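Engineer: The structure file work_27.txt (compact mmCIF, C-alpha atoms) is provided below.
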```txt
# COMPACT_ATOMS: atom_id res chain seq x y z
CA MET A 226 123.51 128.19 117.52
CA LEU A 227 120.18 126.78 118.62
CA ALA A 228 120.53 123.34 120.20
CA ALA A 229 118.89 120.43 118.42
CA GLN A 230 115.65 119.13 119.90
CA PRO A 231 115.32 115.32 119.95
CA SER A 232 111.81 114.01 119.51
CA ALA A 233 109.74 112.66 122.35
CA SER A 234 109.53 108.98 123.21
CA ARG A 235 107.05 106.93 121.25
CA GLY A 236 106.09 104.55 124.04
CA THR A 237 106.05 100.92 122.94
CA ALA A 238 107.30 101.61 119.40
CA PRO A 239 110.49 99.76 118.40
CA ARG A 240 113.68 101.51 119.42
CA ALA A 241 115.91 103.45 117.06
CA PRO A 242 119.09 101.65 115.94
CA ASP A 243 121.87 101.38 118.51
CA ASP A 244 124.08 103.70 116.43
CA TRP A 245 121.38 106.38 116.11
CA SER A 246 122.86 108.53 118.90
CA GLY A 247 126.28 108.38 117.25
CA PHE A 248 124.74 109.37 113.95
CA LEU A 249 122.99 112.35 115.58
CA ARG A 250 126.32 113.60 116.93
CA LEU A 251 127.68 113.55 113.38
CA PHE A 252 124.48 115.17 112.10
CA ASP A 253 124.77 118.08 114.54
CA ALA A 254 128.52 118.40 114.01
CA TYR A 255 127.97 118.65 110.26
CA ALA A 256 125.14 121.18 110.64
CA ASP A 257 127.28 123.32 112.95
CA SER A 258 130.32 123.24 110.68
CA ASP A 259 128.33 123.98 107.50
CA ARG A 260 126.36 126.85 109.09
CA VAL A 261 123.04 125.06 108.49
CA VAL A 262 120.16 127.18 109.76
CA GLY A 263 117.63 124.35 110.12
CA ALA A 264 117.41 120.63 109.48
CA SER A 265 115.48 117.51 110.39
CA VAL A 266 116.10 113.78 110.16
CA LEU A 267 114.14 110.66 111.02
CA VAL A 268 114.76 106.94 111.08
CA MET A 269 112.03 104.39 110.43
CA ARG A 270 111.47 100.67 110.00
CA ASP A 271 108.50 98.66 108.81
CA GLY A 272 106.64 101.86 107.98
CA ARG A 273 106.91 103.30 111.50
CA ILE A 274 108.96 106.30 112.60
CA LEU A 275 111.34 105.17 115.34
CA ASP A 276 112.75 108.59 116.16
CA ARG A 277 113.26 112.03 114.65
CA HIS A 278 115.64 114.84 115.41
CA ASP A 279 115.06 118.52 114.65
CA TYR A 280 117.82 121.10 114.51
CA GLY A 281 117.80 124.88 114.49
CA TRP A 282 115.47 127.33 112.80
CA ALA A 283 112.84 126.96 110.10
CA ASP A 284 112.91 130.75 109.97
CA ARG A 285 115.67 132.49 111.88
CA ALA A 286 114.23 136.02 111.74
CA ALA A 287 110.80 134.83 112.91
CA LYS A 288 112.39 132.73 115.71
CA GLN A 289 110.51 129.71 114.36
CA ARG A 290 112.09 126.38 115.24
CA VAL A 291 112.15 123.32 113.02
CA ASP A 292 109.53 120.89 114.28
CA ALA A 293 107.40 117.95 113.12
CA ARG A 294 105.22 120.24 110.98
CA THR A 295 108.04 122.01 109.15
CA ILE A 296 107.72 121.82 105.37
CA PHE A 297 110.94 121.40 103.39
CA HIS A 298 111.58 121.37 99.65
CA TRP A 299 112.77 117.96 98.42
CA GLY A 300 114.36 118.82 95.09
CA SER A 301 115.26 115.88 92.89
CA ILE A 302 113.52 113.29 95.06
CA THR A 303 110.57 114.56 93.00
CA LYS A 304 111.99 112.60 90.06
CA THR A 305 110.81 109.38 91.67
CA LEU A 306 107.22 110.67 91.37
CA THR A 307 107.70 111.29 87.65
CA ALA A 308 109.20 107.84 87.15
CA ILE A 309 106.39 106.12 89.08
CA SER A 310 103.90 108.04 86.92
CA ILE A 311 105.58 106.68 83.77
CA MET A 312 105.38 103.16 85.23
CA GLN A 313 101.68 103.70 85.91
CA MET A 314 101.26 104.54 82.23
CA HIS A 315 103.27 101.41 81.42
CA ASP A 316 100.94 99.18 83.47
CA ARG A 317 97.63 100.93 82.78
CA ARG A 318 98.03 102.01 79.16
CA GLY A 319 100.71 99.74 77.76
CA LEU A 320 103.28 102.52 77.36
CA SER A 321 106.60 100.96 76.40
CA LEU A 322 109.73 102.19 78.15
CA ASP A 323 111.45 101.71 74.82
CA GLU A 324 109.16 104.27 73.20
CA THR A 325 111.16 107.19 71.79
CA ILE A 326 110.85 110.58 73.41
CA THR A 327 110.71 112.50 70.11
CA ARG A 328 107.28 110.97 69.51
CA TYR A 329 106.07 113.17 72.38
CA VAL A 330 108.70 115.94 72.34
CA PRO A 331 109.61 116.48 68.66
CA GLU A 332 111.27 119.78 69.61
CA LEU A 333 114.27 117.73 70.78
CA ARG A 334 115.26 117.29 67.14
CA GLN A 335 116.72 120.82 67.42
CA VAL A 336 119.49 119.52 69.72
CA HIS A 337 122.82 119.06 67.93
CA ASP A 338 123.19 115.34 67.36
CA PRO A 339 126.69 114.20 66.29
CA TYR A 340 125.61 110.55 66.71
CA VAL A 341 122.46 110.85 64.56
CA MET A 342 120.58 109.16 67.42
CA ILE A 343 118.15 111.75 68.77
CA ASP A 344 115.23 109.68 67.48
CA SER A 345 116.51 106.61 69.32
CA ILE A 346 116.42 108.16 72.83
CA THR A 347 113.90 106.16 74.84
CA LEU A 348 111.89 106.78 77.99
CA ARG A 349 114.07 104.17 79.70
CA MET A 350 117.20 106.19 78.86
CA LEU A 351 115.67 109.36 80.27
CA MET A 352 114.59 107.58 83.46
CA SER A 353 118.11 106.19 83.94
CA HIS A 354 119.95 109.41 83.03
CA SER A 355 121.64 107.76 80.07
CA ALA A 356 120.17 109.74 77.15
CA GLY A 357 123.35 111.63 76.29
CA PHE A 358 122.50 115.04 77.75
CA GLN A 359 125.04 117.21 79.52
CA ASN A 360 125.70 117.47 83.23
CA PRO A 361 125.46 120.07 84.75
CA THR A 362 122.12 120.80 83.22
CA TRP A 363 121.94 124.59 83.18
CA PRO A 364 125.39 126.03 82.33
CA TYR A 365 123.92 129.31 81.13
CA THR A 366 124.07 131.58 84.18
CA ASN A 367 126.78 133.78 85.68
CA GLY A 368 125.19 134.53 89.03
CA LYS A 369 123.48 137.73 87.96
CA SER A 370 120.40 138.72 89.96
CA TRP A 371 118.32 139.19 86.79
CA GLU A 372 119.04 135.72 85.46
CA PRO A 373 116.28 133.12 85.97
CA PHE A 374 116.66 130.63 88.78
CA GLU A 375 115.97 127.93 86.21
CA PRO A 376 113.96 127.95 82.95
CA THR A 377 110.50 129.05 83.98
CA THR A 378 108.50 128.16 80.85
CA TRP A 379 108.45 125.41 78.26
CA ASN A 380 109.23 128.00 75.57
CA GLN A 381 112.44 128.95 77.36
CA LEU A 382 113.53 125.33 77.54
CA VAL A 383 112.80 124.79 73.85
CA ALA A 384 114.71 127.96 72.99
CA MET A 385 117.80 126.46 74.66
CA MET A 386 117.71 123.28 72.59
CA PRO A 387 119.57 124.59 69.51
CA TYR A 388 122.42 125.55 71.86
CA GLN A 389 122.83 122.05 73.29
CA GLU A 390 124.21 118.82 71.90
CA LEU A 391 124.33 115.14 72.75
CA HIS A 392 127.54 114.55 74.68
CA PHE A 393 127.74 110.77 74.19
CA ARG A 394 126.00 107.97 72.40
CA PRO A 395 122.54 107.56 74.02
CA GLY A 396 122.15 104.50 76.22
CA THR A 397 125.85 103.89 76.80
CA ARG A 398 126.52 105.55 80.16
CA TYR A 399 125.20 107.68 82.99
CA SER A 400 125.04 111.50 82.99
CA TYR A 401 122.56 113.22 85.32
CA SER A 402 119.96 115.28 83.46
CA ASN A 403 117.23 117.42 84.99
CA PRO A 404 115.40 118.29 81.75
CA GLY A 405 115.07 114.59 80.94
CA PHE A 406 112.37 114.44 83.59
CA ILE A 407 110.64 117.50 82.18
CA TYR A 408 110.44 115.62 78.88
CA LEU A 409 109.00 112.60 80.70
CA ALA A 410 106.41 114.88 82.28
CA ARG A 411 105.31 115.93 78.79
CA VAL A 412 104.58 112.27 78.05
CA ILE A 413 102.44 111.98 81.19
CA GLU A 414 100.54 115.13 80.33
CA GLN A 415 99.83 114.06 76.75
CA LEU A 416 98.65 110.58 77.71
CA SER A 417 96.60 111.58 80.76
CA GLY A 418 95.20 114.94 79.65
CA ASP A 419 96.15 116.42 83.05
CA PRO A 420 98.93 118.84 83.97
CA TRP A 421 101.77 116.90 85.62
CA GLU A 422 101.03 118.33 89.06
CA THR A 423 97.36 117.39 88.83
CA TYR A 424 98.20 113.89 87.62
CA VAL A 425 100.55 113.26 90.56
CA GLN A 426 98.02 114.65 93.03
CA LYS A 427 95.32 112.31 91.71
CA ASN A 428 97.42 109.20 91.20
CA ILE A 429 100.06 109.28 93.96
CA PHE A 430 99.38 111.88 96.66
CA ALA A 431 95.65 111.19 97.05
CA PRO A 432 95.80 107.37 97.32
CA LEU A 433 98.82 107.55 99.64
CA GLU A 434 97.04 110.22 101.74
CA LEU A 435 99.93 112.70 101.50
CA ARG A 436 97.80 115.60 102.66
CA HIS A 437 100.59 118.12 103.23
CA SER A 438 102.46 117.59 99.94
CA TYR A 439 102.17 120.16 97.16
CA PHE A 440 103.94 121.91 94.28
CA GLY A 441 104.51 125.59 93.62
CA ALA A 442 103.20 128.27 95.99
CA THR A 443 102.42 127.13 99.54
CA PRO A 444 98.69 126.80 100.32
CA TYR A 445 97.44 129.35 102.83
CA TYR A 446 96.65 126.77 105.50
CA LEU A 447 100.24 125.44 105.39
CA ALA A 448 102.06 128.76 105.03
CA GLN A 449 103.01 129.01 108.70
CA ASP A 450 104.80 125.64 108.51
CA ARG A 451 106.88 126.38 105.39
CA SER A 452 110.61 126.65 106.06
CA ASN A 453 112.59 129.57 104.75
CA ASN A 454 115.76 128.64 102.86
CA TYR A 455 119.23 130.12 103.12
CA SER A 456 122.37 130.54 101.06
CA ILE A 457 125.85 131.00 102.50
CA HIS A 458 128.01 132.86 99.98
CA ARG A 459 130.70 135.50 99.63
CA ASP A 460 129.70 139.07 98.92
CA SER A 461 131.56 141.46 96.63
CA THR A 462 134.10 142.19 99.38
CA GLY A 463 134.83 138.51 100.00
CA ASN A 464 132.98 138.33 103.30
CA VAL A 465 130.90 135.22 104.02
CA VAL A 466 127.25 136.19 104.39
CA GLU A 467 123.96 134.40 104.97
CA THR A 468 121.00 135.29 102.77
CA ALA A 469 117.40 134.29 103.47
CA ASN A 470 115.87 133.46 100.09
CA GLY A 471 112.22 133.50 101.17
CA ARG A 472 109.82 130.72 101.98
CA ASP A 473 108.50 130.26 98.42
CA PHE A 474 110.22 130.33 95.07
CA ASP A 475 109.15 129.47 91.54
CA PRO A 476 110.73 126.31 90.05
CA GLY A 477 108.77 127.02 86.86
CA ILE A 478 108.86 124.31 84.21
CA THR A 479 111.32 122.30 86.34
CA ILE A 480 108.72 121.17 88.90
CA PRO A 481 108.61 117.54 87.55
CA ASN A 482 112.32 117.19 88.22
CA GLY A 483 112.43 118.97 91.57
CA GLY A 484 109.28 120.66 92.87
CA TRP A 485 107.98 118.56 95.81
CA ASN A 486 107.28 120.34 99.11
CA ALA A 487 106.31 118.33 102.20
CA PRO A 488 106.98 117.75 105.90
CA LEU A 489 109.03 114.71 106.91
CA THR A 490 105.85 112.91 108.00
CA ASP A 491 104.57 112.85 104.40
CA MET A 492 107.98 111.64 103.22
CA ALA A 493 107.80 108.87 105.83
CA ALA A 494 104.37 107.82 104.52
CA TYR A 495 105.79 107.78 100.98
CA THR A 496 108.72 105.68 102.17
CA ALA A 497 106.35 103.22 103.85
CA PHE A 498 104.79 102.77 100.42
CA LEU A 499 108.21 102.30 98.80
CA THR A 500 109.17 99.65 101.34
CA GLY A 501 105.77 97.93 101.11
CA ALA A 502 105.11 98.36 104.81
CA ALA A 503 101.34 97.87 104.77
CA HIS A 504 99.91 96.84 108.15
CA ASP A 505 96.32 96.27 107.04
CA ASP A 506 94.37 95.34 103.93
CA SER A 507 93.17 98.91 103.34
CA THR A 508 96.72 100.25 103.22
CA ARG A 509 97.84 97.37 101.01
CA ARG A 510 95.06 98.15 98.54
CA ARG A 511 96.02 101.82 98.46
CA PHE A 512 99.64 100.88 97.74
CA ASP A 513 98.60 98.51 94.96
CA VAL A 514 96.35 101.16 93.43
CA VAL A 515 99.37 103.39 93.00
CA ILE A 516 101.57 100.69 91.48
CA PRO A 517 101.89 96.91 91.84
CA ARG A 518 104.76 95.82 94.02
CA ALA A 519 106.47 93.90 91.22
CA THR A 520 106.45 96.97 88.98
CA LEU A 521 107.89 99.15 91.73
CA THR A 522 110.74 96.79 92.58
CA SER A 523 111.58 96.44 88.88
CA MET A 524 112.58 100.11 89.02
CA TRP A 525 115.48 99.27 91.35
CA HIS A 526 117.49 97.06 88.99
CA PRO A 527 120.89 98.69 88.34
CA LEU A 528 121.32 99.92 84.77
CA HIS A 529 124.40 102.16 84.68
CA PRO A 530 127.31 102.78 87.08
CA MET A 531 127.23 106.27 88.54
CA SER A 532 131.03 106.34 88.68
CA GLU A 533 133.82 104.77 86.63
CA THR A 534 135.84 103.90 89.76
CA ALA A 535 135.53 100.58 91.58
CA ALA A 536 135.66 102.48 94.88
CA ALA A 537 132.21 103.97 94.14
CA PRO A 538 130.01 101.01 93.14
CA ASP A 539 126.74 102.97 93.11
CA SER A 540 124.38 102.55 90.16
CA MET A 541 121.50 104.33 88.48
CA ALA A 542 118.23 102.43 88.05
CA LEU A 543 114.89 103.84 86.81
CA SER A 544 115.16 107.19 88.64
CA PHE A 545 116.36 105.52 91.88
CA PHE A 546 119.96 105.35 93.08
CA VAL A 547 121.20 101.85 93.98
CA ILE A 548 123.91 102.06 96.64
CA HIS A 549 126.01 99.17 97.94
CA ARG A 550 127.51 99.33 101.42
CA GLY A 551 128.91 96.03 102.58
CA ALA A 552 126.29 93.36 102.05
CA ALA A 553 123.46 95.92 102.03
CA THR A 554 121.75 97.19 98.89
CA ILE A 555 120.23 100.60 99.58
CA ILE A 556 117.71 102.42 97.37
CA GLY A 557 116.91 106.12 97.34
CA HIS A 558 117.61 109.58 95.99
CA THR A 559 119.04 112.94 96.99
CA GLY A 560 117.72 116.44 96.36
CA SER A 561 119.13 119.96 96.01
CA GLN A 562 117.32 123.09 94.86
CA ALA A 563 117.49 126.71 95.99
CA GLY A 564 118.94 126.54 99.53
CA PHE A 565 117.26 123.20 100.31
CA ARG A 566 119.02 119.83 100.30
CA SER A 567 117.74 116.39 101.21
CA PHE A 568 118.11 112.63 101.02
CA LEU A 569 115.82 109.61 101.32
CA PHE A 570 117.27 106.09 101.51
CA PHE A 571 115.85 102.70 102.46
CA ASN A 572 116.91 99.08 102.61
CA PRO A 573 114.27 96.96 100.83
CA SER A 574 115.31 93.79 102.63
CA THR A 575 114.77 95.23 106.13
CA SER A 576 112.38 98.17 105.39
CA ALA A 577 114.72 100.43 107.42
CA ALA A 578 114.88 104.01 106.12
CA VAL A 579 116.48 107.36 106.89
CA ILE A 580 115.16 110.70 105.63
CA ALA A 581 116.81 114.11 106.10
CA ALA A 582 116.30 117.69 104.95
CA PHE A 583 118.35 120.86 105.31
CA ASN A 584 117.24 124.41 104.56
CA THR A 585 120.72 125.82 103.86
CA THR A 586 123.34 125.51 101.11
CA ASN A 587 126.86 126.75 101.84
CA ASP A 588 128.64 127.78 98.65
CA ALA A 589 131.29 129.82 100.46
CA THR A 590 132.90 127.39 102.91
CA PRO A 591 131.17 124.02 102.40
CA ALA A 592 131.91 121.40 105.04
CA ARG A 593 132.28 118.55 102.55
CA ALA A 594 134.21 116.17 104.79
CA ALA A 595 131.75 116.58 107.67
CA TYR A 596 128.87 116.03 105.27
CA MET A 597 130.35 112.80 103.92
CA ARG A 598 130.90 111.47 107.46
CA MET A 599 127.27 112.20 108.28
CA TYR A 600 126.03 110.81 104.94
CA GLU A 601 127.93 107.54 105.30
CA ALA A 602 126.72 107.19 108.88
CA ALA A 603 123.15 107.64 107.62
CA LEU A 604 123.65 104.80 105.15
CA GLY A 605 125.23 102.78 107.94
CA LEU A 606 121.94 102.91 109.85
CA LEU A 607 120.39 100.81 107.07
CA ARG A 608 122.87 97.93 106.93
```
What does the file become when written as structure tokens?

Structural biologist:
Amino acid sequence: MLAAQPSASRGTAPRAPDDWSGFLRLFDAYADSDRVVGASVLVMRDGRILDRHDYGWADRAAKQRVDARTIFHWGSITKTLTAISIMQMHDRRGLSLDETITRYVPELRQVHDPYVMIDSITLRMLMSHSAGFQNPTWPYTNGKSWEPFEPTTWNQLVAMMPYQELHFRPGTRYSYSNPGFIYLARVIEQLSGDPWETYVQKNIFAPLELRHSYFGATPYYLAQDRSNNYSIHRDSTGNVVETANGRDFDPGITIPNGGWNAPLTDMAAYTAFLTGAAHDDSTRRRFDVVIPRATLTSMWHPLHPMSETAAAPDSMALSFFVIHRGAATIIGHTGSQAGFRSFLFFNPSTSAAVIAAFNTTNDATPARAAYMRMYEAALGLLR
């Protein structure tokens, strides 16, 4: 296993938290035990990266290490872009969050509706995963090589609708739904006249100067920095094997719920925006152009518990997770798509943040306990 490479000193920059070194031991221990090929994590405060830690290979066969330029896939963290886009429409065009989705996606009336409420599902319900749709989202595959990774076209998604149903009364509880954010993307496209990817590029990436963020196929000038992604699984004989899935893959129609590709430096710039860490008037204006601070923070109000147990007091807000650890309220999201996994969390009251990405998913012998120790230690950095 390739040893992790801690980042270089940043001179007079503030130091990483005192428990950072302990967290990194847990990070490496988890990566070792879960057979992670490559990973990276950083800690930041007040918009500045305090330290980062790179582990293993971006591409094992090419002997390419993970480094500061490595581009990971961020999966469902993309949903926060879709939600911010809806809030832009709310502020700029008067779009109500209580508008019904069937006004924009009438095809949803094909879904079986035992509650006779399909026409009452609102944008707010979709943004808070409380619209009544099933979880897991895509229960249609059996692991066959010819089956699609996910629905690749809008027509495929619509064709699935008559074979789905509402699983509970809309607006009453939480149930994670990927296609809900595809439906929200349809709203953005109809109101703006732009494809979702173009809208986000113009209205979020460009003003925030996220120059290495993109969707779909990797641009030529970034191709050398793109991480491969890996799956650990059992073959037909029961042996545990590692498969390299290739640097690019096609998320198809699901890009608005999980298609963001970027290096950690772009994710850090995005997190500086989320925490409001603007150190000059120019940066503050760019942040405000994207979305006013009051609108952004309104997206973090808890709406639905994410668990029915008191031992897991986490909540769903408008696309953001709200996590309570001790006296700290932590905001963020996780991501998982293809072999990539990730998380981004920050404490709004201190502007501390931790961001991590992994290029491997272990479905054969997952190290769940080691992951939870690392995950909780990451949240502990933000208290």

Engineer: If you count only C-alpha atoms, which residues fall within 8 Å of A:Leu489, apart from same-chain ones fewer than 3 positions away, as a list in words?

Structural biologist: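 My reading of the contact set: Ser265, Val266, Leu267, Ala293, Arg294, Thr295, Ile296, Phe297, Met492, Ala493, Ile580 and Ala581 of chain A.
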
Engineer: Enumerate, in order of chain and increasing residue number, the residues of stretch 383-429 of chain A with an atom no farther than 10 Å from stretch 333-345 of chain A, each with its shortest atom pair and distance in Å to one decimal, counting all atoms listed in the file, as CSV.

Structural biologist:
```
residue,atom,partner,partner_atom,distance
A:Val383,CA,A:Leu333,CA,7.8
A:Ala384,CA,A:Gln335,CA,9.3
A:Met385,CA,A:Val336,CA,8.7
A:Met386,CA,A:Val336,CA,5.1
A:Pro387,CA,A:Val336,CA,5.1
A:Tyr388,CA,A:Val336,CA,7.0
A:Gln389,CA,A:Val336,CA,5.5
A:Glu390,CA,A:His337,CA,4.2
A:Leu391,CA,A:Asp338,CA,5.5
A:His392,CA,A:Pro339,CA,8.4
A:Phe393,CA,A:Tyr340,CA,7.8
A:Arg394,CA,A:Tyr340,CA,6.3
A:Pro395,CA,A:Met342,CA,7.1
A:Gly396,CA,A:Ser345,CA,9.2
A:Tyr408,CA,A:Leu333,CA,9.2
```

Engineer: When you look at A:Phe565 with a cut-off of 9 Å (counting all atoms listed in the file), what residues show up, excluding the ones that are within fewer than 4 positions of it in the same chain? I need them as an MDAnalysis selection string.

Structural biologist: chainID A and resid 297:300 454:456 560:561 582:586

Engineer: How many Å lie between atom CA of A:Phe571 and atom CA of A:Leu447, rounded to one decimal?

Structural biologist: 27.7 Å

Engineer: Measuring between all atoms listed in the file, which one of A:Phe406, A:Tyr401, A:Tyr596, A:Tyr495 shows the shortest distance to A:Arg436?

Structural biologist: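 With all atoms listed in the file as the atom set, the closest residue is A:Tyr495.
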
Engineer: Between atom CA of A:Asn464 and atom CA of A:Ala256, what is the distance, to one decimal in Å?

Structural biologist: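 Between these atoms lies a distance of 20.2 Å.
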
Engineer: Skipping near chain neighbours, those fewer than 5 positions away, what residues fall within 7 Å of A:Ile346 using only C-alpha atoms, listed as a PyMOL selection string?

Structural biologist: chain A and resi 325-326+356+395

Engineer: Take atom CA of A:Arg550 and atom CA of A:Gly605 and report the distance between them in Å, one decimal.

Structural biologist: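 Separation of atom CA of A:Arg550 and atom CA of A:Gly605: 7.7 Å.
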
Engineer: My list of candidates is A:Met541, A:Met314, A:Val261, A:Leu409. Which is closest to A:Tyr280 when distances are computed with only C-alpha atoms?

Structural biologist: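 Residue with the minimum atom-to-atom distance to A:Tyr280: A:Val261.
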
Engineer: Give me, as a ChimeraX atom specification, all polymer residues having an atom no more than 12 Å from A:Arg318, counting all atoms listed in the file and skipping those fewer than 4 positions away in the same chain.

Structural biologist: /A:310-314,322,413,416-417

Engineer: From the options A:Thr496, A:Gln562, A:Ser402, A:Thr307, which residue's atoms come nearest to A:Asn470, counting all atoms listed in the file?

Structural biologist: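 That would be A:Gln562, the residue with the smallest distance to A:Asn470.
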
Engineer: Rank A:Arg270, A:Ala497, A:Met531, A:Asp253 by their smallest atom-to-atom distance to A:Pro239, using only C-alpha atoms, and report the top residue only.

Structural biologist: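 Of A:Arg270, A:Ala497, A:Met531, A:Asp253, the one nearest A:Pro239, counting only C-alpha atoms, is A:Arg270.
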
Engineer: Return the single residue from A:Ile555, A:Ser574, A:Asp475, A:Ser523 that is closest to A:Thr377, with distances computed using all atoms listed in the file.

Structural biologist: A:Asp475

Engineer: Go through A:Asn482, A:Thr327, A:Ser461, A:Ser576 one by one, measure the shortest atom-to-atom distance of each to A:Thr305 using only C-alpha atoms, and give the residue with the smallest value.

Structural biologist: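 Among A:Asn482, A:Thr327, A:Ser461, A:Ser576, it is A:Asn482 that comes nearest to A:Thr305.
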
Engineer: Using only C-alpha atoms, which residues sit within 7 Å of A:Phe545 once same-chain residues fewer than 6 positions away are excluded, as a list in words?

Structural biologist: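 The residues satisfying every condition are Thr305, Trp525, Ile556, Gly557 and His558 of chain A.
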
Engineer: Edge lengths and centre in Å to one decimal, as JSON, of the axis-aligned box that encloses all listed atoms of stretch 381-397 of chain A with 8 Å added on every side?

Structural biologist:
```
{"center_x": 120.1, "center_y": 116.4, "center_z": 73.5, "size_x": 31.3, "size_y": 41.1, "size_z": 24.0}
```
